[in-house]
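Enquirer: File name upload.csv; file contents CSV, C-alpha atoms and all ligand atoms; full text below.
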```csv
chain,number,residue,atom,x,y,z
A,10,MET,CA,-20.6,111.2,131.3
A,11,ALA,CA,-19.2,111.2,127.8
A,12,ALA,CA,-15.8,109.6,127.4
A,13,LEU,CA,-13.4,111.5,125.3
A,14,SER,CA,-10.6,109.8,123.4
A,15,MET,CA,-7.5,112.0,123.7
A,16,LYS,CA,-5.0,110.8,126.2
A,17,GLY,CA,-3.4,114.1,127.1
A,18,TRP,CA,-1.4,112.8,130.1
A,19,GLN,CA,0.5,110.6,127.6
A,20,ARG,CA,1.6,113.4,125.4
A,21,PRO,CA,5.4,113.5,125.3
A,22,GLU,CA,5.5,117.3,125.8
A,23,MET,CA,3.8,116.8,129.2
A,24,ARG,CA,6.6,114.5,130.4
A,25,PHE,CA,9.5,116.1,132.2
A,26,ARG,CA,12.3,115.2,134.5
A,27,LYS,CA,14.3,118.3,134.9
A,28,TRP,CA,13.5,121.6,136.4
A,29,GLY,CA,14.1,123.5,133.2
A,30,ALA,CA,11.2,121.6,131.6
A,31,LEU,CA,9.1,122.1,134.7
A,32,ARG,CA,9.7,125.9,134.6
A,33,ARG,CA,8.7,126.0,130.9
A,34,VAL,CA,5.4,124.2,131.7
A,35,ILE,CA,4.7,126.5,134.6
A,36,THR,CA,5.5,129.7,132.7
A,37,THR,CA,3.2,128.6,129.9
A,38,ARG,CA,0.4,128.0,132.3
A,39,ARG,CA,0.8,131.3,134.0
A,40,LEU,CA,0.4,133.0,130.7
A,41,VAL,CA,-2.7,131.0,129.9
A,42,SER,CA,-4.3,131.7,133.2
A,43,THR,CA,-3.4,135.4,133.0
A,44,PHE,CA,-4.4,136.1,129.5
A,45,GLY,CA,-6.7,133.3,128.4
A,46,SER,CA,-10.5,133.6,128.8
A,47,GLN,CA,-10.6,130.1,130.4
A,48,PRO,CA,-8.1,128.5,132.8
A,49,ARG,CA,-6.3,125.6,131.2
A,50,SER,CA,-7.4,122.2,132.3
A,51,ASN,CA,-5.4,119.2,133.5
A,52,ASN,CA,-8.0,116.8,132.3
A,53,LYS,CA,-10.3,118.5,129.8
A,54,ASP,CA,-9.3,116.1,127.0
A,55,ILE,CA,-9.1,112.9,128.9
A,56,LYS,CA,-12.5,112.2,130.3
A,57,ILE,CA,-12.3,108.5,130.1
A,58,PRO,CA,-14.2,106.5,132.7
A,59,ILE,CA,-12.6,106.4,136.2
A,60,LEU,CA,-12.3,102.6,136.3
A,61,GLU,CA,-10.6,102.5,132.9
A,62,ARG,CA,-8.1,105.1,134.2
A,63,LEU,CA,-7.4,103.0,137.3
A,64,ASN,CA,-7.3,99.7,135.3
A,65,SER,CA,-4.6,101.3,133.2
A,66,GLY,CA,-2.5,102.1,136.3
A,67,ASP,CA,-3.2,105.9,136.4
A,68,VAL,CA,-3.2,107.6,139.8
A,69,LEU,CA,-6.1,109.9,140.5
A,70,VAL,CA,-6.0,112.8,143.0
A,71,GLY,CA,-9.1,113.5,145.1
A,72,ASP,CA,-10.1,116.9,146.6
A,73,GLY,CA,-9.8,117.9,150.2
A,74,GLY,CA,-12.2,118.7,153.1
A,75,MET,CA,-15.0,121.1,152.0
A,76,THR,CA,-16.8,121.3,155.3
A,77,TYR,CA,-13.9,122.3,157.6
A,78,ALA,CA,-12.4,124.6,155.0
A,79,LEU,CA,-15.8,126.4,154.6
A,80,GLU,CA,-16.3,126.6,158.4
A,81,LYS,CA,-12.9,128.4,158.7
A,82,ARG,CA,-14.0,130.8,156.0
A,83,GLY,CA,-17.3,131.5,157.8
A,84,TYR,CA,-19.8,129.7,155.7
A,85,VAL,CA,-20.5,126.5,157.7
A,86,THR,CA,-21.6,126.1,161.3
A,87,ALA,CA,-19.2,123.9,163.4
A,88,ALA,CA,-20.9,120.9,165.0
A,89,GLN,CA,-23.8,121.2,162.6
A,90,TRP,CA,-21.5,120.6,159.6
A,91,THR,CA,-24.3,121.0,157.0
A,92,PRO,CA,-24.0,122.4,153.5
A,93,GLU,CA,-26.5,125.3,153.3
A,94,ALA,CA,-23.7,127.4,151.9
A,95,VAL,CA,-24.4,125.9,148.4
A,96,VAL,CA,-27.6,127.9,148.4
A,97,GLU,CA,-26.7,130.9,150.6
A,98,HIS,CA,-23.1,131.5,149.4
A,99,PRO,CA,-22.6,129.6,146.1
A,100,GLU,CA,-19.7,131.8,145.2
A,101,ALA,CA,-17.7,130.5,148.2
A,102,VAL,CA,-18.4,126.9,147.4
A,103,ARG,CA,-17.7,127.4,143.7
A,104,GLN,CA,-14.4,129.0,144.6
A,105,LEU,CA,-13.2,126.2,146.9
A,106,HIS,CA,-14.1,123.6,144.2
A,107,ARG,CA,-12.1,125.7,141.8
A,108,GLU,CA,-9.1,125.8,144.2
A,109,PHE,CA,-9.1,122.0,144.6
A,110,ALA,CA,-9.4,121.6,140.8
A,111,MET,CA,-6.5,124.0,140.2
A,112,SER,CA,-4.5,122.2,142.8
A,113,GLY,CA,-4.6,119.0,140.8
A,114,ALA,CA,-7.8,117.2,142.0
A,115,ASP,CA,-9.1,114.9,139.4
A,116,VAL,CA,-12.3,114.0,141.3
A,117,LEU,CA,-14.5,116.8,142.8
A,118,GLN,CA,-17.1,115.7,145.3
A,119,ALA,CA,-20.4,117.6,145.6
A,120,PHE,CA,-20.7,119.5,148.8
A,121,VAL,CA,-23.8,117.7,150.1
A,122,PHE,CA,-22.4,116.1,153.3
A,123,ASN,CA,-25.1,116.0,156.0
A,124,GLY,CA,-27.6,117.5,153.5
A,125,THR,CA,-30.5,115.5,154.8
A,126,ASP,CA,-33.7,117.0,156.2
A,127,ASP,CA,-33.1,115.7,159.7
A,128,ARG,CA,-29.6,117.2,159.8
A,129,LEU,CA,-30.2,120.5,158.0
A,130,ASN,CA,-31.5,123.5,160.0
A,131,ARG,CA,-30.9,122.0,163.4
A,132,TYR,CA,-30.2,125.4,164.8
A,133,ARG,CA,-32.6,127.4,162.6
A,134,THR,CA,-36.1,128.7,163.0
A,135,GLY,CA,-38.7,130.3,160.8
A,136,GLU,CA,-38.5,131.2,157.1
A,137,THR,CA,-34.7,130.5,156.7
A,138,LYS,CA,-35.1,126.7,156.7
A,139,LEU,CA,-33.8,125.0,153.7
A,140,LYS,CA,-34.8,121.6,152.4
A,141,CYS,CA,-32.7,118.6,151.4
A,142,GLU,CA,-33.9,118.7,147.8
A,143,GLU,CA,-33.0,122.4,147.3
A,144,VAL,CA,-29.6,122.0,149.0
A,145,ASN,CA,-28.5,118.9,147.1
A,146,LYS,CA,-29.7,120.3,143.8
A,147,ALA,CA,-27.5,123.4,144.4
A,148,GLY,CA,-24.5,121.3,145.5
A,149,CYS,CA,-24.8,119.1,142.4
A,150,GLU,CA,-25.1,122.1,140.1
A,151,LEU,CA,-22.0,123.8,141.6
A,152,VAL,CA,-19.7,120.8,141.4
A,153,THR,CA,-20.9,119.9,137.9
A,154,GLU,CA,-20.2,123.5,136.7
A,155,VAL,CA,-16.6,123.5,138.1
A,156,ALA,CA,-15.9,119.9,137.0
A,157,LYS,CA,-16.9,120.9,133.5
A,158,GLU,CA,-14.7,124.0,133.6
A,159,PHE,CA,-11.6,122.0,134.7
A,160,GLY,CA,-12.3,118.6,133.2
A,161,CYS,CA,-12.6,116.8,136.5
A,162,TYR,CA,-14.7,113.8,137.4
A,163,VAL,CA,-17.9,114.4,139.5
A,164,GLY,CA,-18.4,112.4,142.6
A,165,PHE,CA,-21.8,112.2,144.4
A,166,ASN,CA,-21.5,111.0,148.0
A,167,VAL,CA,-23.6,109.4,150.6
A,168,SER,CA,-22.5,109.0,154.2
A,169,THR,CA,-23.4,107.3,157.5
A,170,THR,CA,-27.1,107.4,158.4
A,171,ALA,CA,-28.9,108.3,161.6
A,172,ALA,CA,-31.0,105.2,161.1
A,173,TYR,CA,-27.8,103.0,161.6
A,174,GLU,CA,-26.8,105.0,164.7
A,175,MET,CA,-30.2,104.4,166.2
A,176,GLU,CA,-30.1,100.7,165.3
A,177,MET,CA,-33.3,100.9,163.2
A,178,GLY,CA,-32.4,97.9,161.0
A,179,LYS,CA,-31.2,97.3,157.4
A,180,LYS,CA,-34.5,98.3,155.7
A,181,LYS,CA,-34.6,101.7,157.4
A,182,VAL,CA,-30.9,102.3,156.7
A,183,GLN,CA,-31.2,101.4,153.1
A,184,GLU,CA,-34.3,103.7,152.7
A,185,GLU,CA,-32.1,106.5,154.1
A,186,PHE,CA,-29.4,105.7,151.5
A,187,GLU,CA,-32.1,105.7,148.8
A,188,ARG,CA,-33.3,109.1,150.0
A,189,GLN,CA,-29.7,110.4,149.8
A,190,LEU,CA,-29.3,109.1,146.3
A,191,LYS,CA,-32.7,110.4,145.1
A,192,ALA,CA,-31.4,113.9,145.8
A,193,PHE,CA,-29.0,113.4,142.9
A,194,ASP,CA,-31.7,112.5,140.4
A,195,GLY,CA,-31.5,114.6,137.2
A,196,PHE,CA,-27.7,115.1,137.5
A,197,GLU,CA,-24.9,113.0,136.0
A,198,CYS,CA,-21.9,111.9,137.9
A,199,ASP,CA,-18.8,109.7,137.3
A,200,ILE,CA,-18.6,107.9,140.6
A,201,LEU,CA,-20.7,107.3,143.7
A,202,ILE,CA,-18.8,107.5,146.9
A,203,ALA,CA,-20.1,106.1,150.2
A,204,GLU,CA,-17.8,107.8,152.8
A,205,TYR,CA,-17.4,108.5,156.5
A,206,ILE,CA,-18.9,105.2,157.5
A,207,SER,CA,-17.6,103.5,160.6
A,208,SER,CA,-19.1,100.1,160.4
A,209,VAL,CA,-18.6,97.8,157.5
A,210,GLU,CA,-22.1,96.3,158.0
A,211,GLU,CA,-23.6,99.7,157.2
A,212,ALA,CA,-21.2,100.2,154.3
A,213,VAL,CA,-22.2,96.9,152.7
A,214,TRP,CA,-25.8,97.9,153.0
A,215,ALA,CA,-24.9,101.2,151.2
A,216,VAL,CA,-23.1,99.3,148.4
A,217,GLU,CA,-26.2,97.2,147.9
A,218,VAL,CA,-28.2,100.3,147.3
A,219,LEU,CA,-25.6,102.2,145.2
A,220,LYS,CA,-25.1,99.2,142.9
A,221,GLN,CA,-28.6,99.7,141.5
A,222,ARG,CA,-27.4,102.9,139.7
A,223,ASN,CA,-24.8,101.1,137.5
A,224,LEU,CA,-22.0,103.6,138.3
A,225,PRO,CA,-18.5,103.0,139.7
A,226,ILE,CA,-18.7,102.7,143.5
A,227,ALA,CA,-16.0,103.9,146.0
A,228,VAL,CA,-16.4,103.1,149.7
A,229,THR,CA,-14.3,104.7,152.4
A,230,LEU,CA,-14.5,103.6,156.0
A,231,SER,CA,-13.5,106.0,158.7
A,232,ILE,CA,-11.4,103.5,160.6
A,233,SER,CA,-7.9,103.0,161.8
A,234,HIS,CA,-6.0,99.8,162.4
A,235,LEU,CA,-8.3,99.4,165.5
A,236,GLY,CA,-11.1,98.2,163.1
A,237,ASP,CA,-14.7,99.3,162.7
A,238,PHE,CA,-17.2,100.3,165.4
A,239,ASN,CA,-18.3,96.6,165.7
A,240,ASP,CA,-14.7,95.4,166.1
A,241,VAL,CA,-14.4,94.0,162.6
A,242,THR,CA,-10.8,94.1,161.5
A,243,PRO,CA,-9.7,96.3,158.6
A,244,GLU,CA,-8.7,93.1,156.7
A,245,GLU,CA,-12.2,91.6,157.1
A,246,CYS,CA,-13.8,95.0,156.3
A,247,GLY,CA,-12.0,95.1,153.0
A,248,LYS,CA,-13.0,91.5,152.1
A,249,ARG,CA,-16.7,92.2,152.9
A,250,LEU,CA,-16.7,95.3,150.8
A,251,LYS,CA,-15.1,93.6,147.9
A,252,GLU,CA,-17.6,90.7,148.1
A,253,ALA,CA,-20.4,93.3,148.2
A,254,GLY,CA,-19.3,94.7,144.9
A,255,ALA,CA,-17.5,97.9,145.7
A,256,ASP,CA,-15.0,98.9,142.9
A,257,ILE,CA,-12.7,101.2,144.9
A,258,ILE,CA,-12.1,100.4,148.6
A,259,GLY,CA,-10.3,102.2,151.4
A,260,THR,CA,-10.5,104.8,154.1
A,261,ASN,CA,-11.3,108.5,154.8
A,262,CYS,CA,-11.5,111.0,157.6
A,263,ARG,CA,-11.3,110.7,161.5
A,264,PHE,CA,-7.5,109.9,161.7
A,265,ALA,CA,-4.1,111.2,160.7
A,266,PRO,CA,-2.8,110.3,157.3
A,267,ILE,CA,-0.5,107.6,158.6
A,268,ASP,CA,-3.3,105.8,160.5
A,269,THR,CA,-5.8,106.2,157.7
A,270,LEU,CA,-3.3,104.8,155.3
A,271,ASP,CA,-2.4,101.9,157.6
A,272,ALA,CA,-6.1,100.9,157.7
A,273,ALA,CA,-6.4,101.1,153.9
A,274,ILE,CA,-3.3,98.9,153.5
A,275,MET,CA,-4.8,96.4,156.0
A,276,MET,CA,-8.0,96.4,154.0
A,277,LYS,CA,-6.0,95.8,150.8
A,278,ASN,CA,-4.1,92.9,152.5
A,279,GLY,CA,-7.5,91.3,153.5
A,280,ILE,CA,-8.7,91.4,149.9
A,281,GLN,CA,-5.5,90.1,148.5
A,282,GLU,CA,-5.3,87.2,151.0
A,283,THR,CA,-8.5,85.9,149.5
A,284,GLY,CA,-7.0,86.0,146.0
A,285,MET,CA,-9.3,88.9,144.9
A,286,SER,CA,-8.1,92.3,143.6
A,287,SER,CA,-9.5,95.8,143.8
A,288,HIS,CA,-8.7,99.5,143.4
A,289,TYR,CA,-7.8,101.4,146.5
A,290,VAL,CA,-8.5,104.9,147.9
A,291,CYS,CA,-7.2,106.9,150.8
A,292,GLN,CA,-8.5,110.3,151.8
A,293,PRO,CA,-7.2,111.2,155.3
A,294,ASN,CA,-7.6,114.2,157.5
A,295,GLY,CA,-5.0,117.0,157.3
A,296,TRP,CA,-4.1,116.8,161.0
A,297,GLU,CA,-1.5,115.1,163.1
A,298,LEU,CA,-3.5,113.1,165.6
A,299,GLU,CA,-2.7,110.3,168.0
A,300,CYS,CA,-4.8,107.3,167.3
A,301,LYS,CA,-6.2,106.9,170.8
A,302,ASN,CA,-9.7,105.4,170.0
A,303,LYS,CA,-12.1,104.7,167.2
A,304,HIS,CA,-13.6,108.2,167.1
A,305,GLY,CA,-10.5,110.0,165.9
A,306,HIS,CA,-10.4,113.8,165.6
A,307,SER,CA,-13.8,114.3,167.2
A,308,GLU,CA,-12.3,113.2,170.6
A,309,GLU,CA,-9.5,115.7,170.5
A,310,PRO,CA,-9.7,118.6,173.0
A,311,GLU,CA,-8.9,121.0,170.2
A,312,CYS,CA,-11.8,119.9,167.9
A,313,PRO,CA,-13.2,121.8,166.3
A,314,TYR,CA,-12.1,125.4,167.1
A,315,ALA,CA,-8.4,124.9,167.7
A,316,MET,CA,-7.3,122.4,165.2
A,317,GLU,CA,-4.8,124.8,163.5
A,318,SER,CA,-1.9,123.6,165.7
A,319,LYS,CA,-2.5,120.1,164.5
A,320,THR,CA,-2.5,120.9,160.8
A,321,ILE,CA,0.0,118.9,158.7
A,322,THR,CA,2.4,120.7,156.4
A,323,ARG,CA,2.5,120.4,152.7
A,324,TRP,CA,5.6,118.2,153.2
A,325,ASP,CA,3.6,115.8,155.4
A,326,ALA,CA,1.0,115.7,152.6
A,327,GLN,CA,3.8,114.9,150.0
A,328,GLU,CA,5.2,112.1,152.3
A,329,PHE,CA,1.7,110.7,152.7
A,330,ALA,CA,1.1,110.7,148.9
A,331,ARG,CA,4.4,108.9,148.3
A,332,ARG,CA,3.7,106.3,150.9
A,333,ALA,CA,0.1,105.7,149.6
A,334,TYR,CA,1.4,105.4,146.0
A,335,GLU,CA,4.1,102.9,147.0
A,336,ALA,CA,1.4,100.9,148.9
A,337,GLY,CA,-0.6,100.5,145.7
A,338,ILE,CA,-3.3,103.1,146.4
A,339,ARG,CA,-4.2,104.9,143.2
A,340,TYR,CA,-7.0,107.3,144.3
A,341,ILE,CA,-5.3,109.6,146.8
A,342,GLY,CA,-6.9,112.7,148.3
A,343,GLY,CA,-7.9,114.3,151.5
A,344,CYS,CA,-10.7,114.9,153.9
A,345,CYS,CA,-11.3,117.3,156.9
A,346,GLY,CA,-8.3,119.6,157.4
A,347,MET,CA,-6.9,119.1,153.9
A,348,GLU,CA,-6.8,122.4,152.2
A,349,PRO,CA,-6.1,123.1,148.5
A,350,TYR,CA,-2.4,123.5,149.2
A,351,HIS,CA,-2.2,120.0,150.7
A,352,ILE,CA,-3.9,118.6,147.5
A,353,ARG,CA,-1.4,120.6,145.4
A,354,ALA,CA,1.4,119.0,147.4
A,355,ILE,CA,0.0,115.5,146.7
A,356,ALA,CA,-0.3,116.3,143.0
A,357,GLU,CA,3.2,117.7,142.9
A,358,GLU,CA,4.7,114.7,144.6
A,359,LEU,CA,3.1,112.5,142.0
A,360,ARG,CA,3.9,114.7,139.1
A,361,GLU,CA,6.1,112.1,137.3
A,362,GLU,CA,3.6,109.3,137.8
A,363,ARG,CA,0.8,111.6,136.5
A,364,GLY,CA,2.8,113.3,133.8
A,365,ARG,CA,1.8,116.8,134.8
A,366,LEU,CA,1.8,119.5,137.4
A,367,PRO,CA,-1.3,121.0,139.0
A,368,LEU,CA,-2.5,124.2,137.3
A,369,ASN,CA,-1.5,126.4,140.2
A,370,SER,CA,1.9,124.9,140.9
A,371,ARG,CA,4.6,127.5,141.4
A,372,GLY,CA,7.6,125.2,141.5
A,373,VAL,CA,8.1,121.9,143.3
A,374,ASN,CA,10.2,121.1,146.4
A,375,GLY,CA,11.0,124.7,147.2
A,376,SER,CA,12.5,125.5,143.8
A,377,ALA,CA,10.8,128.9,143.7
A,378,LEU,CA,13.4,130.1,146.2
A,379,ARG,CA,16.4,129.5,144.0
A,380,ASP,CA,16.4,133.1,142.7
A,381,HIS,CA,15.7,134.7,146.1
A,382,PRO,CA,18.1,137.6,146.9
A,383,LEU,CA,18.9,136.2,150.4
A,384,GLU,CA,21.3,133.3,150.6
A,385,SER,CA,19.4,132.0,153.6
A,386,MET,CA,16.3,131.6,151.5
A,387,ARG,CA,18.2,130.1,148.5
A,388,LYS,CA,19.5,127.4,150.9
A,389,LYS,CA,15.9,126.3,151.4
A,390,ALA,CA,15.3,125.6,147.7
A,391,ASN,CA,15.4,121.9,148.1
A,392,LYS,CA,13.2,119.1,149.5
A,393,GLU,CA,15.8,117.8,151.9
A,394,PHE,CA,15.7,121.1,153.9
A,395,TRP,CA,12.0,121.0,154.3
A,396,MET,CA,11.8,117.3,155.1
A,397,ASN,CA,14.6,117.6,157.7
A,398,LEU,CA,12.8,120.6,159.2
A,399,LYS,CA,9.8,118.4,159.7
A,400,LYS,CA,11.9,115.8,161.5
A,401,ARG,CA,13.3,118.4,163.9
A,402,ARG,CA,9.8,119.4,165.2
A,501,ZN,ZN,-13.6,114.4,156.9
```
Give the structure from the file, written as structure tokens.

Expert:
Amino acid sequence: MAALSMKGWQRPEMRFRKWGALRRVITTRRLVSTFGSQPRSNNKDIKIPILERLNSGDVLVGDGGMTYALEKRGYVTAAQWTPEAVVEHPEAVRQLHREFAMSGADVLQAFVFNGTDDRLNRYRTGETKLKCEEVNKAGCELVTEVAKEFGCYVGFNVSTTAAYEMEMGKKKVQEEFERQLKAFDGFECDILIAEYISSVEEAVWAVEVLKQRNLPIAVTLSISHLGDFNDVTPEECGKRLKEAGADIIGTNCRFAPIDTLDAAIMMKNGIQETGMSSHYVCQPNGWELECKNKHGHSEEPECPYAMESKTITRWDAQEFARRAYEAGIRYIGGCCGMEPYHIRAIAEELREERGRLPLNSRGVNGSALRDHPLESMRKKANKEFWMNLKKRR
């Protein structure tokens, strides 16, 4: 995609430290979104390549979990977790992409997870069957449209293959990755993301295929500190992915933010121990989970229909963002269970580092309560109150 030259995030007027300045920024944005024909973009003028942004020390915010969010809204079938909604309810998918963009996401991922012929239509019969090509084309069109509107980066993603699960060998697995990639032909993207892979062996095979497209490659393993499904340690996983040629390395899904982050840090340590360097990513689930085994949230009794009680708060998301940033992770987002308001909390927490607030920010750290008529509410207009509340749970 074309790289534009203006570095909007460096503009002095976008820098702020005091609430007064914050309030002016927010007020202006409210007026723009109320009266302007187009919502104002965080990134419209700064579409420089992702790796250049990371090389310069910028922090990028990812989006959240499309599949679980759309299941809760009634557009995805639990257990099947396939993306037919891009064809059947494009307005719902478009709106969720928009919500993530307005919440501060710099990278929007196409909603094509599980969009392969063998996984689509598992519970369908007759004329309603949809094909991989049609579904992926629609998913690419939708994300491209919204990314253009908000100046976000477009990520196309591939994920773990049935061929690897069935131990069909490297050739078959790589053919499956090729098929997933082929679905994106004709569309432009800024980054390829291999995600939700639980064995580094399969992830390395994915990188070998993805590298042929000459685009930045992010790889996220769905692992905790327990290591991958073949008992390879996170440190060794990181090292192997770096050697394979991945540009951005880390973790996503399956586990709570703290466990997903721990594994990403261990991968980083493994890479650094060998004297190499990399960029790092962490996109955890939005649930509080005990790390009991390598399967993560799927093994919870509440999964998938009663996960609400495990949902993290926006304050948990802020805390995660801060910890990830301090650990040197510079691509920070979410996966299943992370809703737009969690992503907004991440972007708000990193507002000084990023030099801007999300478009739909309505005051940070509870500040919107400062003018409330009730004193009991005004007392909550600070971060300490909410962080202490969290500790009391
Ligand atoms: Zn997920």

Enquirer: Could you check the closest approach to ligand ZN 501 (chain A) for each of A:Glu204, A:Glu384, A:Asp127, A:Asp194 and tell me which residue wins, using only C-alpha atoms and all ligand atoms?

Expert: A:Glu204

Enquirer: Counting all atoms listed in the file, what are the residues, protein, DNA or RNA alike, that approach ligand ZN 501 (chain A) to within 6 Å? I want them as a PDB file with C-alpha atoms, in the coordinates of the input.

Expert:
```pdb
ATOM      1  CA  GLY A  74     -12.200 118.700 153.100  1.00  0.00           C
ATOM      2  CA  CYS A 262     -11.500 111.000 157.600  1.00  0.00           C
ATOM      3  CA  CYS A 344     -10.700 114.900 153.900  1.00  0.00           C
ATOM      4  CA  CYS A 345     -11.300 117.300 156.900  1.00  0.00           C
TER       5      CYS A 345
END
```

Enquirer: Using Å and a single decimal, report how far CA of Glu317 in chain A sits from CA of Glu97 in chain A.

Expert: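 If I compute the distance from CA of Glu97 in chain A to CA of Glu317 in chain A, I get 26.1 Å.
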
Enquirer: Set the distance at 12 Å and use only C-alpha atoms: which residues neighbour Phe165 in chain A once local chain neighbours fewer than 2 positions away are removed? I'd like the list as a VMD selection string.

Expert: chain A and resid 116 to 122 145 to 146 148 to 153 162 to 163 167 to 168 189 to 194 196 to 204 219 222 224 to 228

Enquirer: Just want the 12 Å neighbourhood of Gly337 in chain A, counted on only C-alpha atoms, with same-chain residues fewer than 2 positions away dropped. Output as a ChimeraX atom specification.

Expert: /A:63,66-68,258-259,270,273-278,281,286-291,330-335,339-341

Enquirer: Report, in Å to a single decimal, how far apart CA of Ser112 in chain A and CA of Lys157 in chain A are.

Expert: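 Taking CA of Lys157 in chain A and CA of Ser112 in chain A, their separation equals 15.6 Å.
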
Enquirer: Point out the residue among A:Trp395, A:Trp324, A:Phe109, A:Phe264 with the least atom-to-atom distance to Pro367 in chain A, counting only C-alpha atoms.

Expert: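 Checking each candidate against Pro367 in chain A, we get A:Phe109 as the closest.
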
Enquirer: Name all residues at most 12 Å from Thr86 in chain A (count only C-alpha atoms; drop same-chain ones fewer than 4 positions away) and give them as an NGL selection string.

Expert: :A and (76-82 or 90-94 or 123 or 129-133 or 313-314)

Enquirer: I want to know what sits within 10 Å of Ser207 in chain A, based on only C-alpha atoms, with residues of the same chain fewer than 4 positions away left out; could you give that as a list of chain:residue names?

Expert: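 Near Ser207 in chain A, the qualifying residues are A:Ser168, A:Thr169, A:Glu211, A:Ala212, A:Thr229, A:Leu230, A:Ser231, A:Ile232, A:Ser233, A:Gly236, A:Asp237, A:Phe238, A:Asn239, A:Thr260, A:Asn261, A:Arg263, A:Lys303, A:His304.
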
Enquirer: Quick check, in Å to one decimal: how far apart do CA of His234 in chain A and CA of Ala272 in chain A lie?

Expert: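 Spanning CA of His234 in chain A to CA of Ala272 in chain A is a straight-line distance of 4.8 Å.
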
Enquirer: For a quick check of understanding, using all atoms listed in the file, which of A:Val218, A:Val241, A:Met347, A:Cys161 has the smallest distance to Met75 in chain A?

Expert: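 With all atoms listed in the file as the atom set, the closest residue is A:Met347.
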
Enquirer: Looking at A:Val95, A:Ile280, A:Ala101, A:Ala215, which one is nearest to Lys180 in chain A, with distances taken over only C-alpha atoms?

Expert: A:Ala215

Enquirer: For each of A:Leu139, A:Leu368, A:Leu383, A:Met111, take the minimum atom-to-atom distance to Val96 in chain A, counting all atoms listed in the file, then give the residue where this is smallest.

Expert: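 Going through A:Leu139, A:Leu368, A:Leu383, A:Met111 one by one, the smallest distance to Val96 in chain A is for A:Leu139.
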
Enquirer: Of the candidates A:Val373, A:Met175, A:Ile257, A:Arg323, which shows the shortest atom-to-atom distance to Glu361 in chain A, using all atoms listed in the file?

Expert: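 Counting all atoms listed in the file, the residue closest to Glu361 in chain A is A:Val373.
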